[in-house]
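First up is the structure itself, then whatever we jot down about it.
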Amino acid sequence: MAPKYAPSLRSRLAPLLLFLQTGFIIISAFFFEIENNINLKKDYFINVYPAFQDVNVMVILGFGFFSTFLVRYGLSSSGFNLLVAAMATQWAIILNGIESCYTRGKIKVDLKSILVAEMCAASALIAIGPMQGKSSPVQLILVALMEVSGFILSEWLLRVLLEVRPLSSIMLLHIFGAFFGLTLTWILYRKGSNQGFEKEKVDKKSGLFSMLGTVFIWMFWPTFNSVLVDERYPGRKLEAVCSTYLALAVSAVTAAALSVFSSPRGKLNLIQIQSCILAGGVAVGVPISVVHHPWEAMAIGFTAAIISTIGFKYLKIHMLLAFECHDTCAVLSTHGLPGLLGWLAHFLLQMKDYSDHTLAVRFAMFHICTLCIIISVSLSMGILTGLLLKWNFWRPPQNNKCFDDQAYWVFPNLAVRK
C-alpha cells in the first residue's frame, strides 16, 4: 500500500504562485523600466555582468545544493531554493524600487538592481534554513516574502535614521536572516522535535552534493562581498576581494583542524566543516569597507571559524533542548554568530581611528543602534510571520512526513494511491 503522504499542492501552492506572479507581471507592466541610458560607460556591461553571474551562481546553485545533506529531502532543498529565490528576487526589485517610483514614476531595472535584489533574496534563503524539512512550500514562499519585506524595511530605517551606507547595511543580511529564521522555528516548534525526526538523516551521497554547494558558495563569495564596493575606487574593490579570500582560506583550514579536535574518534565531520568553512566569508563581509590589511581579514576568518565550530558543536543542541528551537541548517553557527563577530570587528576597526573621545562615543552609540534596529526588526517580523504560519490553513506537514520529498514530488517508480 502506498504511504499516506500530504495532500495535493494544487489547492494551495499553485493558486498562490499564480496569484503572486500575475501581480508581479501587472506591476512590471505599469512601473518597470529597463535602464538603457546611452550615457552609461561602454564597459558597464563588461564590468557588472561577470559579478552578476557570480552572485547568481552563488545564490541559485550554491545555496541550492548547500542544504541537500538530508537524505530524503534533496529534491525539495534544491527545488524550493530556486522557487523561493525567484519569487524573493522579484519582490525585492519591487520594494527596492518604491523610492525610485515616487521620484521618477518608474522602477529602474538594471543589472545592479537585480544584484541587490538577489542579495536580499540570499537573506531569505538564510531565513528558511532553520525551517527546511518542516515546512510546506507554501509556507516557505510566505516566509521569503515577509523576510525580504522586513530586511528592506530595516535597510530603509538604517538609511533614513542613521544614514548608514548601502554597503554596510546590506551586509547585515546574515544577522537579519539568521535571527528571523530562528524566531520562526522557535514559534513553530513541534512537540517531540527534541528527540529528532525519523527522516532527518545524512549519508555519503547527500553529503557530497551538499559539499558541492559549499564549494560554489566558497568560490564566489569574494564577488558577493565586493560587488557593491564603489567602482570609482578599484583599489577598495581589490581589497574586498583579497580580504574575503584570505578570511575564507583561514576559516577553511581552521574549521578542518577544529573538526578533528572536536570529534571523539579524531575524524573530520563533513556537515560541520561545510558550515564552518564559510564563517570567514560571513564575518569579513560585514566590516569589508574598513578591512585594509591582510592580517585583519585572516584574524577575522580564524576567529569566525572557532566561534562557528563551537556553535555547531554545542549551541545547536542546546538551542533545541533549552529554547525549543530546531535549527535544521545550523544558520546560527554559519551566519548568525559570524555575522555578529563581523559587526564587532567593524566596531573595533573603526574605533581605533578615533582620537577624539566624544566622536568615539558617538560612533559607538551609532554602531550599537545599527545592530539594535536590525535585530529588532528581524525578531518583530519573525514573530509576525510565525503567528501567520501557525494558521492550519497552510497545511504544514505532519511530523512523520517531515524531511521527505515524497510529500511534494512525483516518483514514477512508486505506486499511486487511488
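Residue names in the C-alpha cells use chain letters A, B, ... in the order shown, residue numbers from 1 in each chain, and ligand numbers from 1 in the order shown.
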Give me, as a tab-separated table (two decimals) with all heavy atoms, in the first residue's frame, all polymer residues having an atom no more than 8 Å from region 199-205 of chain A, counting only C-alpha atoms and skipping those fewer than 3 positions away in the same chain.
chain	number	residue	atom	x	y	z
A	69	PHE	N	22.03	18.03	2.26
A	69	PHE	CA	22.66	16.99	3.07
A	69	PHE	C	21.64	16.01	3.66
A	69	PHE	O	22.00	14.93	4.11
A	69	PHE	CB	23.50	17.61	4.19
A	69	PHE	CG	22.72	18.51	5.11
A	69	PHE	CD1	22.08	18.00	6.22
A	69	PHE	CD2	22.63	19.87	4.87
A	69	PHE	CE1	21.37	18.82	7.08
A	69	PHE	CE2	21.93	20.70	5.72
A	69	PHE	CZ	21.29	20.18	6.82
A	70	LEU	N	20.37	16.38	3.66
A	70	LEU	CA	19.33	15.49	4.19
A	70	LEU	C	19.01	14.42	3.15
A	70	LEU	O	18.72	14.71	2.00
A	70	LEU	CB	18.08	16.30	4.53
A	70	LEU	CG	18.28	17.36	5.62
A	70	LEU	CD1	17.13	18.34	5.63
A	70	LEU	CD2	18.42	16.68	6.97
A	71	VAL	N	19.03	13.16	3.58
A	71	VAL	CA	18.95	12.02	2.66
A	71	VAL	C	17.70	12.05	1.81
A	71	VAL	O	17.75	11.88	0.59
A	71	VAL	CB	19.02	10.70	3.45
A	71	VAL	CG1	18.84	9.51	2.52
A	71	VAL	CG2	20.33	10.59	4.20
A	72	ARG	N	16.55	12.29	2.43
A	72	ARG	CA	15.28	12.19	1.72
A	72	ARG	C	14.65	13.54	1.41
A	72	ARG	O	13.45	13.62	1.14
A	72	ARG	CB	14.31	11.33	2.55
A	72	ARG	CG	14.84	9.94	2.86
A	72	ARG	CD	13.84	9.08	3.58
A	72	ARG	NE	12.66	8.81	2.75
A	72	ARG	CZ	11.69	7.95	3.11
A	72	ARG	NH1	11.80	7.29	4.26
A	72	ARG	NH2	10.66	7.77	2.33
A	196	GLY	N	14.37	14.37	17.87
A	196	GLY	CA	14.80	14.21	16.49
A	196	GLY	C	13.69	13.67	15.60
A	196	GLY	O	12.72	13.07	16.07
A	208	LEU	N	27.89	14.60	-0.17
A	208	LEU	CA	28.72	15.01	-1.31
A	208	LEU	C	28.07	16.14	-2.09
A	208	LEU	O	28.72	17.13	-2.45
A	208	LEU	CB	28.96	13.80	-2.22
A	208	LEU	CG	29.80	14.06	-3.48
A	208	LEU	CD1	31.20	14.52	-3.09
A	208	LEU	CD2	29.88	12.79	-4.34
A	209	PHE	N	26.77	16.01	-2.36
A	209	PHE	CA	26.06	17.08	-3.07
A	209	PHE	C	26.06	18.37	-2.24
A	209	PHE	O	26.18	19.48	-2.78
A	209	PHE	CB	24.63	16.65	-3.37
A	209	PHE	CG	24.50	15.82	-4.62
A	209	PHE	CD1	24.34	14.45	-4.54
A	209	PHE	CD2	24.56	16.41	-5.86
A	209	PHE	CE1	24.23	13.68	-5.68
A	209	PHE	CE2	24.45	15.65	-7.01
A	209	PHE	CZ	24.28	14.28	-6.94
A	402	CYS	N	7.79	14.87	7.70
A	402	CYS	CA	8.80	15.90	7.55
A	402	CYS	C	10.07	15.30	6.95
A	402	CYS	O	10.32	14.11	7.06
A	402	CYS	CB	9.13	16.53	8.91
A	402	CYS	SG	7.80	17.52	9.61
A	403	PHE	N	10.84	16.15	6.29
A	403	PHE	CA	12.12	15.75	5.69
A	403	PHE	C	11.94	14.62	4.67
A	403	PHE	O	12.75	13.69	4.61
A	403	PHE	CB	13.12	15.31	6.77
A	403	PHE	CG	13.42	16.37	7.77
A	403	PHE	CD1	12.77	16.40	9.00
A	403	PHE	CD2	14.33	17.38	7.50
A	403	PHE	CE1	13.03	17.40	9.93
A	403	PHE	CE2	14.60	18.38	8.41
A	403	PHE	CZ	13.95	18.39	9.63
A	404	ASP	N	10.91	14.70	3.86
A	404	ASP	CA	10.64	13.65	2.89
A	404	ASP	C	10.14	14.27	1.58
A	404	ASP	O	9.13	14.98	1.56
A	404	ASP	CB	9.60	12.67	3.42
A	404	ASP	CG	9.64	11.33	2.69
A	404	ASP	OD1	10.01	11.33	1.50
A	404	ASP	OD2	9.30	10.31	3.29
How close does region 132-190 of chain A get to region 316-335 of chain A? List, as a tab-separated table, each residue of region 132-190 of chain A within 6 Å, its nearest atom pair and the distance in Å to one decimal, counting only C-alpha atoms.
residue	atom	partner	partner_atom	distance
A:His174	CA	A:His335	CA	5.2
A:Ala178	CA	A:Val331	CA	5.7
A:Thr185	CA	A:Cys325	CA	5.7
A:Trp186	CA	A:Cys325	CA	4.6
Go ahead and save the residues from that selection, with C-alpha atoms, as an mmCIF file, in the first residue's frame.
data_model
loop_
_atom_site.group_PDB
_atom_site.id
_atom_site.type_symbol
_atom_site.label_atom_id
_atom_site.label_comp_id
_atom_site.auth_asym_id
_atom_site.auth_seq_id
_atom_site.Cartn_x
_atom_site.Cartn_y
_atom_site.Cartn_z
ATOM 1 C CA HIS A 174 23.354 37.350 7.608
ATOM 2 C CA ALA A 178 19.576 34.098 10.900
ATOM 3 C CA THR A 185 11.452 27.901 14.186
ATOM 4 C CA TRP A 186 11.000 28.805 17.871
#
List the neighbours of region 145-152 of chain A out to 10 Å using only C-alpha atoms; skip same-chain residues closer than 5 positions along the sequence, and give me the result as a ChimeraX atom specification.
-> /A:84,87-92,95-96,117,119-128,140,157-158,169-170,172-173,176-177,180-181,374,377-382,384-385
Name the residues in contact with Pro294 (chain A) at a cut-off of 10 Å, using only C-alpha atoms, excluding same-chain residues fewer than 6 positions from it; report them as an MDAnalysis selection string.
-> chainID A and resid 239 242:247
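Near Leu17 (chain A), within a cut-off of 12 Å and counting only C-alpha atoms, sit the residues Leu9, Arg10, Ser11, Arg12, Leu13, Ala14, Pro15, Phe19, Leu20, Gln21, Thr22, Gly23, Phe24, Leu83, Val84, Ala86, Met87, Ala88, Pro137, Val138, Gln139, Leu140, Ile141, Leu142 and Leu145 of chain A, with same-chain residues fewer than 2 positions away left out.
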Selection file, N, CA and C atoms, as a PDB file, in the first residue's frame:
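Once written, selection.pdb looks like this:
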ATOM      1  N   LEU A   9      -0.768  19.576  -3.732  1.00  0.00           N
ATOM      2  CA  LEU A   9      -0.474  21.002  -3.541  1.00  0.00           C
ATOM      3  C   LEU A   9      -1.332  21.881  -4.440  1.00  0.00           C
ATOM      4  N   ARG A  10      -2.205  21.266  -5.228  1.00  0.00           N
ATOM      5  CA  ARG A  10      -2.976  22.007  -6.214  1.00  0.00           C
ATOM      6  C   ARG A  10      -3.850  23.090  -5.586  1.00  0.00           C
ATOM      7  N   SER A  11      -4.373  22.815  -4.410  1.00  0.00           N
ATOM      8  CA  SER A  11      -5.311  23.758  -3.795  1.00  0.00           C
ATOM      9  C   SER A  11      -4.624  24.881  -3.029  1.00  0.00           C
ATOM     10  N   ARG A  12      -3.316  24.796  -2.830  1.00  0.00           N
ATOM     11  CA  ARG A  12      -2.617  25.820  -2.055  1.00  0.00           C
ATOM     12  C   ARG A  12      -1.478  26.462  -2.854  1.00  0.00           C
ATOM     13  N   LEU A  13      -0.510  25.647  -3.246  1.00  0.00           N
ATOM     14  CA  LEU A  13       0.703  26.186  -3.857  1.00  0.00           C
ATOM     15  C   LEU A  13       0.435  26.813  -5.225  1.00  0.00           C
ATOM     16  N   ALA A  14      -0.233  26.081  -6.100  1.00  0.00           N
ATOM     17  CA  ALA A  14      -0.451  26.589  -7.462  1.00  0.00           C
ATOM     18  C   ALA A  14      -1.216  27.914  -7.484  1.00  0.00           C
ATOM     19  N   PRO A  15      -2.355  28.046  -6.766  1.00  0.00           N
ATOM     20  CA  PRO A  15      -3.051  29.349  -6.773  1.00  0.00           C
ATOM     21  C   PRO A  15      -2.202  30.483  -6.216  1.00  0.00           C
ATOM     22  N   PHE A  19      -1.159  33.661  -8.428  1.00  0.00           N
ATOM     23  CA  PHE A  19      -1.641  34.961  -7.953  1.00  0.00           C
ATOM     24  C   PHE A  19      -0.477  35.944  -7.797  1.00  0.00           C
ATOM     25  N   LEU A  20       0.598  35.501  -7.139  1.00  0.00           N
ATOM     26  CA  LEU A  20       1.744  36.386  -6.925  1.00  0.00           C
ATOM     27  C   LEU A  20       2.411  36.753  -8.240  1.00  0.00           C
ATOM     28  N   GLN A  21       2.613  35.753  -9.101  1.00  0.00           N
ATOM     29  CA  GLN A  21       3.298  36.032 -10.355  1.00  0.00           C
ATOM     30  C   GLN A  21       2.476  36.954 -11.255  1.00  0.00           C
ATOM     31  N   THR A  22       1.171  36.755 -11.267  1.00  0.00           N
ATOM     32  CA  THR A  22       0.313  37.660 -12.043  1.00  0.00           C
ATOM     33  C   THR A  22       0.402  39.083 -11.506  1.00  0.00           C
ATOM     34  N   GLY A  23       0.410  39.216 -10.197  1.00  0.00           N
ATOM     35  CA  GLY A  23       0.555  40.539  -9.590  1.00  0.00           C
ATOM     36  C   GLY A  23       1.879  41.185  -9.952  1.00  0.00           C
ATOM     37  N   PHE A  24       2.972  40.404  -9.928  1.00  0.00           N
ATOM     38  CA  PHE A  24       4.284  40.951 -10.291  1.00  0.00           C
ATOM     39  C   PHE A  24       4.305  41.398 -11.754  1.00  0.00           C
ATOM     40  N   LEU A  83      12.770  28.134  -6.287  1.00  0.00           N
ATOM     41  CA  LEU A  83      11.452  28.762  -6.273  1.00  0.00           C
ATOM     42  C   LEU A  83      11.429  29.977  -5.353  1.00  0.00           C
ATOM     43  N   VAL A  84      11.962  29.823  -4.155  1.00  0.00           N
ATOM     44  CA  VAL A  84      11.999  30.928  -3.194  1.00  0.00           C
ATOM     45  C   VAL A  84      12.871  32.073  -3.709  1.00  0.00           C
ATOM     46  N   ALA A  86      13.584  32.884  -6.823  1.00  0.00           N
ATOM     47  CA  ALA A  86      12.942  33.560  -7.945  1.00  0.00           C
ATOM     48  C   ALA A  86      11.850  34.515  -7.469  1.00  0.00           C
ATOM     49  N   MET A  87      11.035  34.064  -6.527  1.00  0.00           N
ATOM     50  CA  MET A  87       9.962  34.917  -6.016  1.00  0.00           C
ATOM     51  C   MET A  87      10.522  36.063  -5.177  1.00  0.00           C
ATOM     52  N   ALA A  88      11.485  35.766  -4.325  1.00  0.00           N
ATOM     53  CA  ALA A  88      12.041  36.789  -3.443  1.00  0.00           C
ATOM     54  C   ALA A  88      12.774  37.876  -4.233  1.00  0.00           C
ATOM     55  N   PRO A 137       5.995  24.072   0.948  1.00  0.00           N
ATOM     56  CA  PRO A 137       6.482  25.125   0.039  1.00  0.00           C
ATOM     57  C   PRO A 137       5.659  26.398   0.105  1.00  0.00           C
ATOM     58  N   VAL A 138       4.370  26.284   0.414  1.00  0.00           N
ATOM     59  CA  VAL A 138       3.537  27.478   0.569  1.00  0.00           C
ATOM     60  C   VAL A 138       4.061  28.326   1.722  1.00  0.00           C
ATOM     61  N   GLN A 139       4.393  27.678   2.823  1.00  0.00           N
ATOM     62  CA  GLN A 139       4.927  28.407   3.973  1.00  0.00           C
ATOM     63  C   GLN A 139       6.274  29.046   3.641  1.00  0.00           C
ATOM     64  N   LEU A 140       7.113  28.344   2.892  1.00  0.00           N
ATOM     65  CA  LEU A 140       8.423  28.890   2.536  1.00  0.00           C
ATOM     66  C   LEU A 140       8.292  30.136   1.663  1.00  0.00           C
ATOM     67  N   ILE A 141       7.338  30.132   0.748  1.00  0.00           N
ATOM     68  CA  ILE A 141       7.111  31.312  -0.090  1.00  0.00           C
ATOM     69  C   ILE A 141       6.684  32.499   0.769  1.00  0.00           C
ATOM     70  N   LEU A 142       5.777  32.257   1.700  1.00  0.00           N
ATOM     71  CA  LEU A 142       5.320  33.332   2.583  1.00  0.00           C
ATOM     72  C   LEU A 142       6.455  33.846   3.458  1.00  0.00           C
ATOM     73  N   LEU A 145       8.683  36.168   1.327  1.00  0.00           N
ATOM     74  CA  LEU A 145       8.091  37.488   1.080  1.00  0.00           C
ATOM     75  C   LEU A 145       8.137  38.364   2.327  1.00  0.00           C
TER      76      LEU A 145
END
